[in-house]
>>> print(open('work14.cif').read())   # mmCIF, C-alpha atoms and all ligand atoms
data_my_file
#
loop_
_atom_site.label_atom_id
_atom_site.label_comp_id
_atom_site.auth_asym_id
_atom_site.auth_seq_id
_atom_site.Cartn_x
_atom_site.Cartn_y
_atom_site.Cartn_z
CA MET A 573 -73.03 85.42 -79.33
CA ASP A 574 -75.57 84.07 -76.81
CA ILE A 575 -73.59 81.30 -75.14
CA SER A 576 -76.48 80.23 -72.94
CA ALA A 577 -78.53 79.35 -76.04
CA MET A 578 -75.80 77.33 -77.76
CA ASN A 579 -76.31 73.71 -78.75
CA LYS A 580 -73.72 70.95 -78.41
CA SER A 581 -71.92 71.55 -81.69
CA GLU A 582 -71.75 75.30 -81.13
CA LEU A 583 -70.36 74.81 -77.63
CA THR A 584 -67.88 72.26 -78.97
CA GLU A 585 -66.63 74.79 -81.52
CA LEU A 586 -66.36 77.51 -78.90
CA ILE A 587 -64.34 75.22 -76.61
CA LYS A 588 -62.03 74.22 -79.47
CA LEU A 589 -61.44 77.86 -80.27
CA ASN A 590 -60.53 78.66 -76.65
CA LYS A 591 -58.67 75.58 -75.51
CA ASP A 592 -55.17 76.98 -75.86
CA LYS A 593 -55.90 80.59 -74.93
CA THR A 594 -58.07 82.51 -72.53
CA ASP A 595 -60.34 84.87 -74.39
CA LYS A 596 -60.52 88.29 -72.72
CA ALA A 597 -64.14 88.96 -73.71
CA LEU A 598 -65.22 85.58 -72.33
CA ILE A 599 -63.33 86.07 -69.06
CA ASP A 600 -64.65 89.62 -68.63
CA LYS A 601 -68.21 88.47 -69.21
CA ALA A 602 -67.80 85.73 -66.61
CA PHE A 603 -66.24 88.16 -64.13
CA SER A 604 -69.02 90.69 -64.53
CA LEU A 605 -71.70 88.01 -64.05
CA ARG A 606 -70.21 86.84 -60.75
CA LYS A 607 -70.07 90.50 -59.72
CA LYS A 608 -73.72 91.00 -60.62
CA TYR A 609 -74.88 88.24 -58.26
CA TYR A 610 -72.15 88.03 -55.62
CA GLY A 611 -70.32 91.36 -55.81
CA ASP A 612 -66.67 91.22 -54.84
CA LYS A 613 -67.09 88.37 -52.39
CA VAL A 614 -64.92 85.29 -52.35
CA TYR A 615 -66.45 82.85 -49.88
CA LEU A 616 -64.18 80.76 -47.70
CA ARG A 617 -65.02 77.17 -46.73
CA GLY A 618 -63.07 75.07 -44.26
CA LEU A 619 -62.24 71.72 -45.83
CA ILE A 620 -61.94 68.70 -43.54
CA GLU A 621 -60.71 65.54 -45.24
CA VAL A 622 -62.35 63.01 -42.94
CA SER A 623 -61.07 59.75 -44.44
CA ASN A 624 -58.88 58.48 -47.25
CA PHE A 625 -60.34 54.96 -47.09
CA CYS A 626 -62.32 54.36 -50.25
CA LYS A 627 -64.16 51.31 -51.52
CA ASN A 628 -64.10 52.64 -55.10
CA ASP A 629 -61.41 52.19 -57.70
CA CYS A 630 -61.66 55.26 -59.94
CA PHE A 631 -58.79 55.06 -62.42
CA TYR A 632 -57.69 58.68 -61.88
CA CYS A 633 -57.74 58.90 -58.10
CA GLY A 634 -54.78 58.48 -55.77
CA ILE A 635 -56.88 57.11 -52.90
CA ARG A 636 -58.54 54.37 -55.02
CA CYS A 637 -58.89 51.13 -53.11
CA ALA A 638 -56.34 49.28 -55.27
CA ASN A 639 -53.57 51.68 -54.29
CA GLN A 640 -51.75 49.74 -51.60
CA LYS A 641 -49.22 52.51 -51.04
CA VAL A 642 -51.68 54.87 -49.38
CA ASN A 643 -51.21 55.40 -45.69
CA ARG A 644 -54.90 55.08 -44.77
CA TYR A 645 -56.46 57.20 -42.03
CA ARG A 646 -59.83 58.31 -40.82
CA LEU A 647 -60.48 61.13 -38.39
CA SER A 648 -62.27 60.33 -35.16
CA HIS A 649 -65.45 62.12 -34.09
CA GLU A 650 -63.35 64.19 -31.68
CA GLU A 651 -60.78 65.06 -34.33
CA ILE A 652 -63.50 66.28 -36.69
CA MET A 653 -65.01 68.38 -33.89
CA SER A 654 -61.68 69.90 -33.06
CA CYS A 655 -61.13 70.85 -36.74
CA CYS A 656 -64.51 72.63 -36.65
CA LYS A 657 -63.61 74.38 -33.40
CA ARG A 658 -60.36 75.65 -34.86
CA GLY A 659 -62.12 76.61 -38.08
CA TYR A 660 -64.79 78.52 -36.22
CA GLU A 661 -62.12 80.37 -34.25
CA LEU A 662 -60.46 81.29 -37.54
CA GLY A 663 -63.81 82.68 -38.74
CA PHE A 664 -65.17 79.94 -41.03
CA HIS A 665 -68.94 79.51 -41.32
CA THR A 666 -68.97 76.54 -43.68
CA PHE A 667 -67.39 73.19 -42.96
CA VAL A 668 -66.92 70.78 -45.85
CA LEU A 669 -66.55 67.16 -44.79
CA GLN A 670 -64.97 65.30 -47.68
CA GLY A 671 -63.71 61.76 -47.94
CA GLY A 672 -63.43 58.55 -49.85
CA GLU A 673 -66.42 56.22 -49.72
CA ASP A 674 -65.67 54.78 -46.31
CA ASP A 675 -68.35 52.49 -44.85
CA PHE A 676 -66.96 53.04 -41.37
CA PHE A 677 -68.99 56.25 -41.45
CA ASP A 678 -72.40 54.59 -41.40
CA ASP A 679 -75.57 56.69 -41.25
CA GLU A 680 -75.67 56.80 -37.47
CA THR A 681 -72.01 57.80 -37.11
CA MET A 682 -72.25 60.46 -39.80
CA CYS A 683 -75.53 61.91 -38.55
CA LYS A 684 -74.09 62.19 -35.05
CA ILE A 685 -71.19 64.22 -36.43
CA ILE A 686 -73.45 66.46 -38.54
CA GLY A 687 -75.85 66.95 -35.60
CA GLU A 688 -73.09 67.91 -33.22
CA ILE A 689 -71.55 70.41 -35.63
CA LYS A 690 -74.95 72.05 -36.16
CA GLU A 691 -75.63 72.07 -32.42
CA ASN A 692 -72.27 73.66 -31.58
CA TYR A 693 -72.27 76.07 -34.54
CA PRO A 694 -75.88 76.78 -35.54
CA ASP A 695 -74.76 79.74 -37.64
CA CYS A 696 -72.60 77.50 -39.85
CA ALA A 697 -73.38 75.46 -42.95
CA VAL A 698 -72.33 71.83 -43.27
CA THR A 699 -71.36 70.61 -46.73
CA LEU A 700 -70.79 66.91 -47.33
CA SER A 701 -68.75 65.27 -50.08
CA LEU A 702 -68.85 61.58 -49.26
CA GLY A 703 -69.80 60.02 -52.57
CA GLU A 704 -72.72 57.96 -53.79
CA LYS A 705 -75.34 56.92 -51.23
CA THR A 706 -78.99 55.85 -51.28
CA LYS A 707 -81.70 58.49 -51.18
CA GLU A 708 -82.57 57.27 -47.67
CA THR A 709 -79.05 57.99 -46.47
CA TYR A 710 -79.03 61.43 -48.08
CA LYS A 711 -82.35 62.13 -46.35
CA LYS A 712 -80.88 61.15 -42.98
CA TYR A 713 -77.96 63.54 -43.59
CA LYS A 714 -80.44 66.30 -44.47
CA ASP A 715 -82.59 65.62 -41.41
CA ALA A 716 -79.46 65.72 -39.26
CA GLY A 717 -78.83 69.25 -40.53
CA ALA A 718 -76.54 69.00 -43.57
CA ASP A 719 -77.04 71.90 -45.98
CA ARG A 720 -75.05 71.12 -49.10
CA TYR A 721 -73.59 68.15 -50.98
CA LEU A 722 -70.73 68.06 -53.47
CA LEU A 723 -70.70 65.19 -55.95
CA ARG A 724 -68.95 65.89 -59.21
CA HIS A 725 -70.63 64.10 -62.11
CA GLU A 726 -67.07 63.55 -63.51
CA SER A 727 -68.26 63.14 -67.11
CA ALA A 728 -71.72 63.50 -68.59
CA THR A 729 -70.89 61.20 -71.50
CA GLU A 730 -71.53 57.53 -70.87
CA GLU A 731 -68.66 56.37 -73.09
CA HIS A 732 -66.18 58.66 -71.32
CA TYR A 733 -67.49 57.91 -67.83
CA LYS A 734 -66.82 54.20 -68.48
CA LYS A 735 -63.21 54.91 -69.39
CA LEU A 736 -62.60 56.71 -66.09
CA HIS A 737 -64.32 54.23 -63.78
CA PRO A 738 -64.58 50.49 -63.11
CA VAL A 739 -67.80 48.74 -64.21
CA SER A 740 -69.17 48.86 -60.68
CA LEU A 741 -69.71 52.62 -61.07
CA SER A 742 -72.17 54.12 -63.52
CA LEU A 743 -73.07 57.55 -64.80
CA LYS A 744 -76.71 56.56 -64.32
CA ASN A 745 -76.23 56.12 -60.57
CA ARG A 746 -74.10 59.27 -60.29
CA LYS A 747 -76.92 61.25 -61.92
CA ARG A 748 -79.51 59.50 -59.76
CA CYS A 749 -77.62 60.68 -56.69
CA LEU A 750 -77.49 64.27 -57.94
CA TYR A 751 -81.21 64.38 -58.68
CA ASP A 752 -82.03 62.75 -55.33
CA LEU A 753 -79.95 65.38 -53.55
CA LYS A 754 -81.73 68.16 -55.46
CA ASP A 755 -85.08 66.64 -54.63
CA LEU A 756 -84.21 66.55 -50.91
CA GLY A 757 -83.45 70.28 -50.90
CA PHE A 758 -79.66 70.21 -50.65
CA GLN A 759 -77.62 72.91 -52.33
CA VAL A 760 -75.96 70.58 -54.80
CA GLY A 761 -72.53 70.70 -56.39
CA ALA A 762 -71.68 68.84 -59.61
CA GLY A 763 -68.56 69.21 -61.76
CA PHE A 764 -65.73 67.51 -63.58
CA MET A 765 -62.00 67.43 -64.22
CA VAL A 766 -60.61 69.20 -67.26
CA GLY A 767 -58.16 67.25 -69.41
CA SER A 768 -58.94 63.83 -67.97
CA PRO A 769 -57.76 60.97 -70.20
CA PHE A 770 -59.88 60.42 -73.33
CA GLN A 771 -61.80 63.67 -72.85
CA THR A 772 -62.76 65.54 -76.04
CA GLU A 773 -64.14 69.03 -76.57
CA GLU A 774 -67.45 67.42 -77.45
CA TYR A 775 -67.53 65.66 -74.08
CA LEU A 776 -66.85 68.99 -72.38
CA ALA A 777 -69.78 70.50 -74.29
CA GLU A 778 -71.91 67.62 -72.95
CA ASP A 779 -70.70 68.46 -69.44
CA LEU A 780 -71.87 72.04 -69.85
CA LEU A 781 -75.24 70.96 -71.21
CA PHE A 782 -75.68 68.54 -68.32
CA LEU A 783 -74.85 71.32 -65.85
CA LYS A 784 -77.46 73.52 -67.52
CA GLU A 785 -80.05 70.77 -67.20
CA LEU A 786 -79.25 69.91 -63.56
CA SER A 787 -78.78 73.53 -62.57
CA PRO A 788 -76.62 72.84 -59.49
CA GLU A 789 -76.01 75.54 -56.90
CA MET A 790 -72.25 74.80 -56.93
CA VAL A 791 -69.86 73.58 -59.61
CA GLY A 792 -66.40 72.13 -58.96
CA ILE A 793 -64.07 72.23 -61.96
CA GLY A 794 -60.34 71.59 -61.79
CA PRO A 795 -57.62 70.15 -63.99
CA PHE A 796 -56.94 66.41 -64.00
CA ILE A 797 -53.50 65.80 -62.45
CA PRO A 798 -51.95 62.33 -62.71
CA HIS A 799 -51.10 60.31 -59.62
CA CYS A 800 -48.07 58.02 -59.89
CA ASP A 801 -49.82 54.99 -58.34
CA THR A 802 -52.89 54.92 -60.59
CA PRO A 803 -53.53 53.48 -64.07
CA PHE A 804 -53.52 57.06 -65.41
CA ARG A 805 -50.00 57.78 -64.15
CA ASP A 806 -48.63 58.45 -67.66
CA TYR A 807 -51.31 60.83 -68.87
CA ALA A 808 -50.68 64.56 -69.10
CA GLN A 809 -52.24 66.96 -66.63
CA GLY A 810 -55.17 69.09 -67.75
CA PRO A 811 -54.21 72.36 -69.42
CA LEU A 812 -54.50 75.61 -67.49
CA GLU A 813 -56.05 77.64 -70.32
CA LEU A 814 -58.75 75.08 -71.05
CA THR A 815 -59.60 74.86 -67.34
CA ILE A 816 -59.98 78.63 -67.16
CA THR A 817 -62.13 78.64 -70.30
CA MET A 818 -64.40 75.96 -68.80
CA LEU A 819 -64.72 77.93 -65.54
CA ALA A 820 -65.72 81.05 -67.48
CA LEU A 821 -68.24 79.17 -69.63
CA THR A 822 -69.76 77.60 -66.52
CA ARG A 823 -70.14 81.03 -64.90
CA ILE A 824 -71.84 82.29 -68.06
CA LEU A 825 -74.23 79.33 -68.27
CA LEU A 826 -74.96 79.21 -64.52
CA PRO A 827 -74.42 82.82 -63.43
CA LYS A 828 -75.68 82.29 -59.87
CA SER A 829 -73.54 79.26 -59.09
CA LEU A 830 -70.83 79.05 -56.46
CA ILE A 831 -67.61 77.98 -58.14
CA PRO A 832 -64.39 77.23 -56.26
CA ALA A 833 -60.93 78.17 -57.48
CA THR A 834 -59.72 74.65 -56.72
CA THR A 835 -56.60 73.33 -55.06
CA ALA A 836 -55.85 71.41 -58.28
CA LEU A 837 -55.87 74.68 -60.22
CA GLY A 838 -53.46 76.17 -57.66
CA THR A 839 -51.31 73.06 -57.98
CA ILE A 840 -50.74 73.23 -61.77
CA SER A 841 -49.91 76.95 -61.76
CA LYS A 842 -48.84 79.34 -59.05
CA ASP A 843 -51.32 81.90 -60.39
CA GLY A 844 -53.98 79.31 -61.15
CA ARG A 845 -56.35 80.23 -58.37
CA GLU A 846 -56.10 83.94 -59.12
CA MET A 847 -56.82 83.24 -62.79
CA GLY A 848 -59.80 81.15 -61.71
CA LEU A 849 -61.15 83.97 -59.54
CA LEU A 850 -60.83 86.40 -62.44
CA ALA A 851 -62.72 83.96 -64.68
CA GLY A 852 -65.76 83.79 -62.42
CA ALA A 853 -64.81 81.53 -59.50
CA ASN A 854 -65.99 82.88 -56.13
CA VAL A 855 -65.07 80.28 -53.51
CA ILE A 856 -61.82 79.12 -51.89
CA MET A 857 -61.63 76.04 -49.70
CA PRO A 858 -58.61 76.20 -47.38
CA ASN A 859 -57.63 72.98 -45.68
CA LEU A 860 -58.59 72.53 -42.02
CA SER A 861 -57.59 68.88 -41.72
CA PRO A 862 -54.99 68.07 -39.06
CA LEU A 863 -51.56 68.75 -40.58
CA ASP A 864 -50.28 65.21 -39.96
CA PHE A 865 -52.94 63.70 -42.23
CA ARG A 866 -52.95 66.18 -45.11
CA LYS A 867 -50.18 64.54 -47.10
CA ASP A 868 -52.10 61.24 -47.03
CA TYR A 869 -55.15 62.69 -48.78
CA ALA A 870 -53.22 62.66 -52.05
CA LEU A 871 -55.69 62.49 -54.93
CA TYR A 872 -52.95 63.48 -57.38
CA ASN A 873 -49.20 64.20 -57.42
CA ASP A 874 -47.85 67.30 -55.68
CA LYS A 875 -51.19 68.26 -54.14
CA ALA A 876 -50.66 71.46 -52.21
CA TYR A 877 -51.63 71.18 -48.57
CA THR A 878 -49.58 73.76 -46.74
CA GLY A 879 -48.82 77.33 -47.81
CA ASP A 880 -51.74 79.09 -49.42
CA GLU A 881 -53.88 75.96 -49.28
CA ALA A 882 -53.88 75.85 -45.51
CA ALA A 883 -56.48 77.44 -43.30
CA GLU A 884 -53.55 78.78 -41.27
CA SER A 885 -52.62 81.02 -44.20
CA ILE A 886 -55.72 83.18 -44.30
CA LYS A 887 -53.70 86.37 -44.19
CA LYS A 888 -51.84 85.37 -47.35
CA ILE A 889 -55.06 84.29 -49.05
CA GLU A 890 -56.64 87.60 -48.11
CA GLU A 891 -53.75 89.58 -49.60
CA LYS A 892 -53.90 87.68 -52.89
CA VAL A 893 -57.66 88.07 -53.16
CA SER A 894 -57.47 91.80 -52.34
CA ALA A 895 -54.83 92.29 -55.02
CA LEU A 896 -57.48 91.21 -57.54
CA GLY A 897 -59.92 93.81 -56.23
CA LEU A 898 -61.98 91.11 -54.47
CA LYS A 899 -62.76 90.51 -50.79
CA ILE A 900 -62.69 87.34 -48.75
CA ASP A 901 -65.97 86.67 -46.99
CA PHE A 902 -66.45 84.43 -43.96
CA SER A 903 -70.25 84.26 -43.98
CA ARG A 904 -72.11 81.04 -44.79
CA GLY A 905 -72.13 82.07 -48.45
CA ASP A 906 -75.24 80.25 -49.57
CA ASN A 907 -76.24 80.21 -53.21
CA ILE A 908 -78.17 83.41 -53.86
CA ASP A 909 -81.45 81.56 -54.48
CA PHE A 910 -81.14 79.89 -51.08
CA GLN A 911 -80.32 83.21 -49.41
CA LYS A 912 -83.66 84.55 -50.66
CA GLU A 913 -85.57 81.46 -49.50
CA LYS A 914 -84.17 81.98 -46.00
CA GLN A 915 -85.31 85.59 -45.84
CA GLN A 916 -88.90 84.74 -46.82
N1 LIG B 1001 -65.62 60.33 -52.64
C1 LIG B 1001 -66.24 61.59 -52.94
C2 LIG B 1001 -66.75 61.62 -54.35
O1 LIG B 1001 -66.62 60.63 -55.06
O2 LIG B 1001 -67.33 62.62 -54.75
C3 LIG B 1001 -65.38 62.78 -52.65
C4 LIG B 1001 -63.89 62.62 -52.75
S1 LIG B 1001 -63.29 62.56 -54.42
C5 LIG B 1001 -61.62 62.09 -54.14
C6 LIG B 1001 -63.24 64.30 -54.84
C7 LIG B 1001 -62.91 64.68 -56.25
O3 LIG B 1001 -61.52 64.63 -56.46
C8 LIG B 1001 -63.48 63.84 -57.35
O4 LIG B 1001 -64.79 64.20 -57.64
C9 LIG B 1001 -62.52 64.06 -58.52
O5 LIG B 1001 -63.07 64.89 -59.52
C10 LIG B 1001 -61.30 64.73 -57.84
N2 LIG B 1001 -60.07 64.00 -58.19
C11 LIG B 1001 -59.76 62.72 -57.93
N3 LIG B 1001 -58.60 62.37 -58.51
C12 LIG B 1001 -58.15 63.46 -59.17
C13 LIG B 1001 -57.00 63.74 -59.98
N4 LIG B 1001 -56.12 62.79 -60.24
N5 LIG B 1001 -56.86 64.98 -60.48
C14 LIG B 1001 -57.77 65.94 -60.21
N6 LIG B 1001 -58.88 65.75 -59.47
C15 LIG B 1001 -59.07 64.52 -58.95
#
>>> encode(input="work14.cif", output="structure tokens", more="lines below")
Ligand code: SAM
Amino acid sequence: MDISAMNKSELTELIKLNKDKTDKALIDKAFSLRKKYYGDKVYLRGLIEVSNFCKNDCFYCGIRCANQKVNRYRLSHEEIMSCCKRGYELGFHTFVLQGGEDDFFDDETMCKIIGEIKENYPDCAVTLSLGEKTKETYKKYKDAGADRYLLRHESATEEHYKKLHPVSLSLKNRKRCLYDLKDLGFQVGAGFMVGSPFQTEEYLAEDLLFLKELSPEMVGIGPFIPHCDTPFRDYAQGPLELTITMLALTRILLPKSLIPATTALGTISKDGREMGLLAGANVIMPNLSPLDFRKDYALYNDKAYTGDEAAESIKKIEEKVSALGLKIDFSRGDNIDFQKEKQQ
């Protein structure tokens, strides 16, 4: 069974077969592939949630602009710098700046932040996850020193994408952004939620085929979890087994990718992140945001933000990772193809 050569209907069948169970052979294959390229390493990234202001109105997301109940915040330049300082002291060598699409952070403001992080911590990577921008803006971020960009494609099927987003957002533009980022030399992260409303196994197969075509350096996959103040409040959360199956299939199709065991996965099951790591995930992103703001970056109900999710809990994270026979790693953790480019 050569999964990497499968077409859409074959992938659809495979997903259907493994949606309610995790297949040992599949998981073992995924685990051995991550080992082949990244050994036992689980890379740690410090996540800084810079703003929960968002001009978009995605139907699934707790910080959508129509949600009037959100206590909105944005971190100041100084607050972001102090998160990085604390993160660096804790050992982190990647900072991920994530936020809603907040126009307060115009190009000049953002580039100043990126530039200062790179100046203070030249041995660190800066990852951005700030949504859809023009190619010119992405280029400014790159010129300022940003290394990576996370932008989940959310759904590779037009019909499904439209059911998750308002008409102002399009799959075409999402894809345009991803290809622009690739073209500019970013390490790019795409991805999707598992079990989002209206999703079918066929759509998931399309997601895998799109990932194969784009060939991103990182892939973020986590379960959909409803948020009580969104139009999707009454939909069920994404199933654990199917999420694990999709992580394993992604590892098999893109063996060199960096794949986080997401907070959402840890939220739906206490062993979720461990199961993700055993199915091929090799990144954890502990939260470095100031404690007072963490509860306000609520994309979905019951999002974990203290305990094992917090950067303060590295010891606990380390113990859990070691128990799986893996090792946490504080280096920059570039995608293996980018590590080689650097050495040349
Ligand atoms: N604004 C940026 C963007 O659009 O990429 C980054 C922030 S956005 C909130 C980060 C990711 O959170 C999204 O790509 C989406 O997949 C995920 N997310 C949002 N709502 C979610 C939910 N209810 N359950 C699980 N994941 C969710």
>>> closest_residue(input="work14.cif", among="A:Gly810, A:Pro738, A:Gly905, A:Gly794", to="Lys828 (chain A)", atoms="all atoms listed in the file")
A:Gly905
>>> residues_around(input="work14.cif", residues="Asn579 (chain A)", least_positions_apart="5", cutoff="12 Å", atoms="all atoms listed in the file", output="ChimeraX atom specification")
/A:574,584-586,774,777-778,780-782,784
>>> axis_aligned_box(input="work14.cif", around="region 750-765 of chain A", padding_each_side="8 Å", output="AutoDock Vina command-line options")
--center_x -73.5 --center_y 67.8 --center_z -57.4 --size_x 39.1 --size_y 26.2 --size_z 29.6
>>> residues_around(input="work14.cif", residues="Ser727 (chain A)", least_positions_apart="2", cutoff="7 Å", atoms="all atoms listed in the file", output="PyMOL selection string")
chain A and resi 725+729+732-733+764+779
>>> closest_atom_pairs(input="work14.cif", of="chain A", to="ligand LIG 1001 (chain B)", cutoff="6 Å", atoms="all atoms listed in the file", output="Markdown table")
| residue | atom | partner | partner_atom | distance |
| --- | --- | --- | --- | --- |
| A:Tyr632 | CA | B:LIG1001 | N4 | 4.7 |
| A:Cys633 | CA | B:LIG1001 | N3 | 3.6 |
| A:Gln670 | CA | B:LIG1001 | C3 | 5.6 |
| A:Gly671 | CA | B:LIG1001 | C4 | 4.9 |
| A:Gly672 | CA | B:LIG1001 | N1 | 4.0 |
| A:Glu673 | CA | B:LIG1001 | N1 | 5.1 |
| A:Ser701 | CA | B:LIG1001 | C3 | 4.9 |
| A:Leu702 | CA | B:LIG1001 | C1 | 4.5 |
| A:Gly703 | CA | B:LIG1001 | C2 | 3.9 |
| A:Leu723 | CA | B:LIG1001 | O2 | 4.4 |
| A:Arg724 | CA | B:LIG1001 | O4 | 4.8 |
| A:Glu726 | CA | B:LIG1001 | O5 | 5.8 |
| A:Phe764 | CA | B:LIG1001 | O5 | 5.5 |
| A:Met765 | CA | B:LIG1001 | O5 | 5.4 |
| A:Pro795 | CA | B:LIG1001 | C14 | 5.7 |
| A:Phe796 | CA | B:LIG1001 | N5 | 3.8 |
| A:Ile797 | CA | B:LIG1001 | N5 | 4.0 |
| A:Pro798 | CA | B:LIG1001 | N4 | 4.9 |
| A:His799 | CA | B:LIG1001 | N4 | 5.6 |
| A:Leu871 | CA | B:LIG1001 | N3 | 4.6 |
| A:Tyr872 | CA | B:LIG1001 | N4 | 4.3 |
>>> residues_around(input="work14.cif", residues="region 753-763 of chain A", least_positions_apart="6", cutoff="9 Å", atoms="only C-alpha atoms", output="ChimeraX atom specification")
/A:699,707,710-711,714,718-727,779,783,786-794,830-831,906-907,910
>>> closest_atom_pairs(input="work14.cif", of="region 579-607 of chain A", to="region 817-826 of chain A", cutoff="10 Å", atoms="only C-alpha atoms", output="CSV")
residue,atom,partner,partner_atom,distance
A:Leu583,CA,A:Leu821,CA,9.4
A:Leu586,CA,A:Leu821,CA,9.6
A:Ile587,CA,A:Thr817,CA,7.5
A:Asn590,CA,A:Thr817,CA,6.5
A:Lys591,CA,A:Thr817,CA,7.0
A:Asp592,CA,A:Thr817,CA,9.1
A:Lys593,CA,A:Thr817,CA,8.0
A:Thr594,CA,A:Thr817,CA,6.0
A:Asp595,CA,A:Thr817,CA,7.7
A:Leu598,CA,A:Ala820,CA,6.7
A:Ile599,CA,A:Ala820,CA,5.8
A:Asp600,CA,A:Ala820,CA,8.7
A:Lys601,CA,A:Ile824,CA,7.3
A:Ala602,CA,A:Ala820,CA,5.2
A:Phe603,CA,A:Ala820,CA,7.9
A:Ser604,CA,A:Ile824,CA,9.5
A:Leu605,CA,A:Ile824,CA,7.0
A:Arg606,CA,A:Arg823,CA,7.1
>>> closest_residue(input="work14.cif", among="A:Val614, A:Cys637, A:Leu736, A:Ala577", to="Gly848 (chain A)", atoms="only C-alpha atoms")
A:Val614
>>> atom_distance(input="work14.cif", atom1="CA of Asp715 (chain A)", atom2="CA of Glu661 (chain A)")
26.2 Å
>>> atom_distance(input="work14.cif", atom1="CA of Glu650 (chain A)", atom2="CA of Thr835 (chain A)")
26.0 Å
>>> atom_distance(input="work14.cif", atom1="CA of Asn854 (chain A)", atom2="CA of Pro832 (chain A)")
5.9 Å
>>> closest_residue(input="work14.cif", among="A:Phe770, A:Phe677, A:Tyr660, A:Tyr693", to="Lys734 (chain A)", atoms="all atoms listed in the file")
A:Phe770
>>> residues_near_point(input="work14.cif", point="(-69.9, 51.2, -61.4)", cutoff="12 Å", atoms="all atoms listed in the file", output="JSON, numbers by chain")
{"A": [627, 628, 629, 630, 631, 704, 730, 733, 734, 735, 736, 737, 738, 739, 740, 741, 742, 743, 744, 745, 746]}
>>> closest_atom_pairs(input="work14.cif", of="region 645-747 of chain A", to="region 885-902 of chain A", cutoff="7 Å", atoms="all atoms listed in the file", output="CSV")
residue,atom,partner,partner_atom,distance
A:Gly663,CA,A:Phe902,CA,6.1
A:Phe664,CA,A:Phe902,CA,5.5
A:His665,CA,A:Phe902,CA,6.1
>>> write_last_selection(input="work14.cif", atoms="C-alpha atoms", output="short mmCIF file (atom, residue, chain, number, x, y, z; two decimals), keeping the file's coordinate frame")
data_model
loop_
_atom_site.label_atom_id
_atom_site.label_comp_id
_atom_site.auth_asym_id
_atom_site.auth_seq_id
_atom_site.Cartn_x
_atom_site.Cartn_y
_atom_site.Cartn_z
CA GLY A 663 -63.81 82.68 -38.74
CA PHE A 664 -65.17 79.94 -41.03
CA HIS A 665 -68.94 79.51 -41.32
#
>>> closest_residue(input="work14.cif", among="A:Ile575, A:Ile635, A:Ala697, A:Leu849", to="Asp868 (chain A)", atoms="only C-alpha atoms")
A:Ile635
